[in-house]
Amino acid sequence: MSSLLWFRRDLRLRDNPALAAAADFACNGPVAGLFVIDPALEAASGPVRLEWLRRSLAELNNQLGGRLIIRRGSPSEVVPNTARELGINQVFASRDFGNYGHQRDLAVAGKLEQNGVGFTQAGSPYAVDPGIVTKDDGTRYLVYTPFYKAWLAHGYPAPADIDPADLSWIDPHADSSLRSEVAKELKQLTSTVVEVDLPAIGEQAALDRWAWFRDGPLAEYGDDRNRPDLDATSNLSVYLRWGQIHPRTLLADLTEHLESATTKGPETFRKEIAWREFYADVLAANPSSIRKSLDRRYDTSLQINWGPTAETQFTAWCEGRTGYPFVDAGMRQLRATGWMHNRVRMVTASFFVKGLHLPWQRGAAEFMYWLRDGDSASNQHGWQWVAGCGTDAAPFYRIFNPVLQGLKFDPDGDYVRRWIPELASLPGASVHEPWKVAETLAGQAIADYPSPIIDHLAERGEALARFAALPKTDKQDKKGARSKK
DNA sequence: TTTTGAGTTGTTCGA
DNA sequence: GTCGAACAACTCAAA
């Protein structure tokens with residue numbers, strides 16, 4: 001019996017349940033490995049993610065001894081066709097809980113079934129699949145902390161026991177035209193060339209980074225994770241996004257560190273993994289929250305800015321020219337590397353929503369375009385959390401002050417100077433308030449850097465007024481009606 | 001059904 | 001300069 005593994009968001013060999021199942025089905029004989037370049041997903045991916053994908057597929061192809069099959073087209077055509085050409089009995093893949101991916105898999109399964117080929121899904125990008133952790137009445141959580149407690153109580157599985165050295169792969173390249181097809185598709189994958197600074201690619205790079213982080217910054221992660229000037233976060237988000245490492249692997253490895261911990265670092269890191277799982281669960285339960293606010297009043301009633309001035313400010317934000325150095329450093333880091341430190345993501349997003357009064361959806365789309373770790377569930381819900389329309393009842397007066405955040409979390413100004421060369425001559429924390437620097441010091445050097453495009457304090461007050469003007473929710477109305485009787 | 005406790009990440013103001 | 005309170009009220013989860 002022969003099997004095919006269809007790779008998607010799981011570009012790794014270790015701890016891969018679908019691969020383990022495929023190898024088992026083939027009685028440890030060779031397995032066919034396939035990746036389908038889906039034009040629908042390609043169109044929705046920014047240039048940085050396409051470049052990451054191109055390099056990742058090249059690396060995976062190396063891991064498979066050059067035997068990865070890469071084809072372009074609709075999966076519901078390509079997967080059944082490839083299975084037929086290779087005489088495959090059973091196709092294996094991990095589960096996908098995304099809106100598009102779920103529908104795609106149903107279509108592929110249907111087509112395969114028509115051809116008499118089975119389709120088995122095992123594993124997913126998450127330690128605990130969306131929908132598994134529920135409240136006692138079976139409904140889904142909307143608040144993180146109770147979700148986290150229930151998620152912990154549920155527990156997570158051990159990594160899939162699989163040794164890449166035991167695997168063998170069906171060689172599809174007996175026909176030399178298939179070999180050239182792989183090279184052609186890889187080349188075609190990134191038609192838009194962007195200059196972006198990416199870390200090492202692939203499964204081994206992910207494991208190396210994790211080992212480095214685990215034995216280093218993890219202990220002080222509780223506090224240092226907020227410091228964008230330090231290399232103190234795991235930077236694993238991109239590998240998790242592409243499945244080059246699995247959260248289950250991290251959690252298993254984390255156990256002994258949790259037990260022996262003298263700091264809150266390991267526990268804080270586990271909570272971050274759980275945030276990713278929480279947002280995936282929220283999205284699976286509320287598919288429309290990709291585009292719509294969970295609190296719909298923010299789409300229908302919140303006053304937002306529009307017109308020429310709003311467009312100018314939007315562009316300034318995108319390009320890192322708002323005149324607020326901490327914000328601009330983040331946006332420039334995003335374009336230069338396809339990544340932004342989490343603390344700065346919050347500050348730039350808060351500036352966008354509560355300083356410029358623009359709709360969170362536009363900012364989220366700009367992030368998704370550039371982010372190499374771009375994940376709809378985490379990105380859209382992170383933005384909604386900042387905007388105040390998301391899954392927790394954060395008080396609406398919680399508005400980040402970009403200067404204070406910079407002074408607090410980039411205390412020496414190193415992060416700002418790294419990304420804003422115009423300010424490189426300003427010493428220490430003074431880079432966070434260039435308008436305060438006397439002309440004599442560095443007036444010439446900072447002449448190229450813009451003045452603040454808004455008065456943050458004034459716009460903070462404006463944001464508070466607009467939030468206060470939101471209509472009451474239905475429940476609030478009912479409560480008010482009851483109390484009047 | 002009702003009640004109770006709690007909710008990632010902040011800022012400002014005044015003592 | 002430091003520190004605590006105020007900022008509003010609501011919704012969620014669980015007992």
# chains A, B, ... in the order shown; residues from 1 in each chain; ligands from 1

$ interface_residues --of "chain B" --to "chain A" --cutoff "9 Å" --atoms "only C-alpha atoms (C1' of nucleotides)" --output "PDB file with N, CA and C atoms (P, O5', C5', C4', C3', O3' and C1' of nucleotides), in the first residue's frame"
ATOM      1  P    DG B   7      -8.169  38.071  37.213  1.00  0.00           P
ATOM      2  O5'  DG B   7      -8.483  38.496  35.727  1.00  0.00           O
ATOM      3  C5'  DG B   7      -9.175  37.587  34.871  1.00  0.00           C
ATOM      4  C4'  DG B   7      -9.600  38.328  33.633  1.00  0.00           C
ATOM      5  C3'  DG B   7      -8.554  39.320  33.119  1.00  0.00           C
ATOM      6  O3'  DG B   7      -8.606  39.334  31.709  1.00  0.00           O
ATOM      7  C1'  DG B   7     -10.534  40.463  33.598  1.00  0.00           C
ATOM      8  P    DT B   8      -7.636  38.437  30.929  1.00  0.00           P
ATOM      9  O5'  DT B   8      -6.341  39.340  31.118  1.00  0.00           O
ATOM     10  C5'  DT B   8      -5.191  38.998  30.367  1.00  0.00           C
ATOM     11  C4'  DT B   8      -4.052  39.832  30.881  1.00  0.00           C
ATOM     12  C3'  DT B   8      -4.133  41.314  30.494  1.00  0.00           C
ATOM     13  O3'  DT B   8      -3.561  42.100  31.537  1.00  0.00           O
ATOM     14  C1'  DT B   8      -2.257  40.313  29.483  1.00  0.00           C
ATOM     15  P    DT B   9      -3.751  43.656  31.448  1.00  0.00           P
ATOM     16  O5'  DT B   9      -2.437  44.126  30.698  1.00  0.00           O
ATOM     17  C5'  DT B   9      -1.204  44.090  31.394  1.00  0.00           C
ATOM     18  C4'  DT B   9      -0.089  44.419  30.441  1.00  0.00           C
ATOM     19  C3'  DT B   9      -0.263  45.760  29.693  1.00  0.00           C
ATOM     20  O3'  DT B   9       0.922  46.526  29.863  1.00  0.00           O
ATOM     21  C1'  DT B   9       0.368  44.058  28.225  1.00  0.00           C
ATOM     22  P    DG B  10       0.826  47.846  30.763  1.00  0.00           P
ATOM     23  O5'  DG B  10      -0.497  48.540  30.203  1.00  0.00           O
ATOM     24  C5'  DG B  10      -0.600  49.009  28.870  1.00  0.00           C
ATOM     25  C4'  DG B  10      -0.978  50.479  28.877  1.00  0.00           C
ATOM     26  C3'  DG B  10       0.098  51.396  29.447  1.00  0.00           C
ATOM     27  O3'  DG B  10       0.193  52.546  28.606  1.00  0.00           O
ATOM     28  C1'  DG B  10      -1.915  51.673  30.672  1.00  0.00           C
ATOM     29  P    DT B  11       1.255  53.675  28.875  1.00  0.00           P
ATOM     30  O5'  DT B  11       0.350  54.796  29.515  1.00  0.00           O
ATOM     31  C5'  DT B  11      -0.795  55.214  28.781  1.00  0.00           C
ATOM     32  C4'  DT B  11      -1.476  56.344  29.507  1.00  0.00           C
ATOM     33  C3'  DT B  11      -0.549  57.474  29.973  1.00  0.00           C
ATOM     34  O3'  DT B  11      -1.132  58.694  29.550  1.00  0.00           O
ATOM     35  C1'  DT B  11      -1.854  56.678  31.794  1.00  0.00           C
TER      36       DT B  11
END

$ residues_around --residues "DA14 (chain C)" --least-positions-apart "5" --cutoff "12 Å" --atoms "only C-alpha atoms (C1' of nucleotides)" --output "NGL selection string"
(:A and (135-137 or 146)) or (:B and (3-6))

$ closest_residue --among "A:Leu142, A:Lys184, A:Ser430, A:Trp383" --to "chain C" --atoms "only C-alpha atoms (C1' of nucleotides)"
A:Leu142

$ select_by_dssp --residues "region 42-210 of chain A" --states "strand (DSSP E)" --output "compact mmCIF listing (two decimals) with C-alpha atoms, in the first residue's frame"
# COMPACT_ATOMS: atom_id res chain seq x y z
CA LEU A 68 9.63 16.67 -2.77
CA ILE A 69 6.95 17.09 -5.41
CA ILE A 70 6.01 20.73 -5.91
CA ARG A 71 3.10 21.57 -8.16
CA ARG A 72 0.98 24.62 -8.79
CA GLN A 90 -4.18 6.96 0.79
CA VAL A 91 -3.43 10.67 1.18
CA PHE A 92 -2.42 12.07 4.58
CA ALA A 93 -2.45 15.66 5.82
CA GLY A 118 -8.66 7.65 1.08
CA PHE A 119 -7.92 10.92 2.89
CA THR A 120 -6.75 10.89 6.48
CA GLN A 121 -6.05 13.97 8.57

$ select_by_dssp --residues "region 321-439 of chain A" --states "alpha helix (DSSP H)" --output "PyMOL selection string"
chain A and resi 325-337+342-350+360-370+376-387+402-409+414-419+439

$ interface_residues --of "chain C" --to "chain A" --cutoff "9 Å" --atoms "only C-alpha atoms (C1' of nucleotides)" --output "PyMOL selection string"
chain C and resi 7-13

$ atom_distance --atom1 "CA of His456 (chain A)" --atom2 "CA of Asn305 (chain A)"
15.2 Å
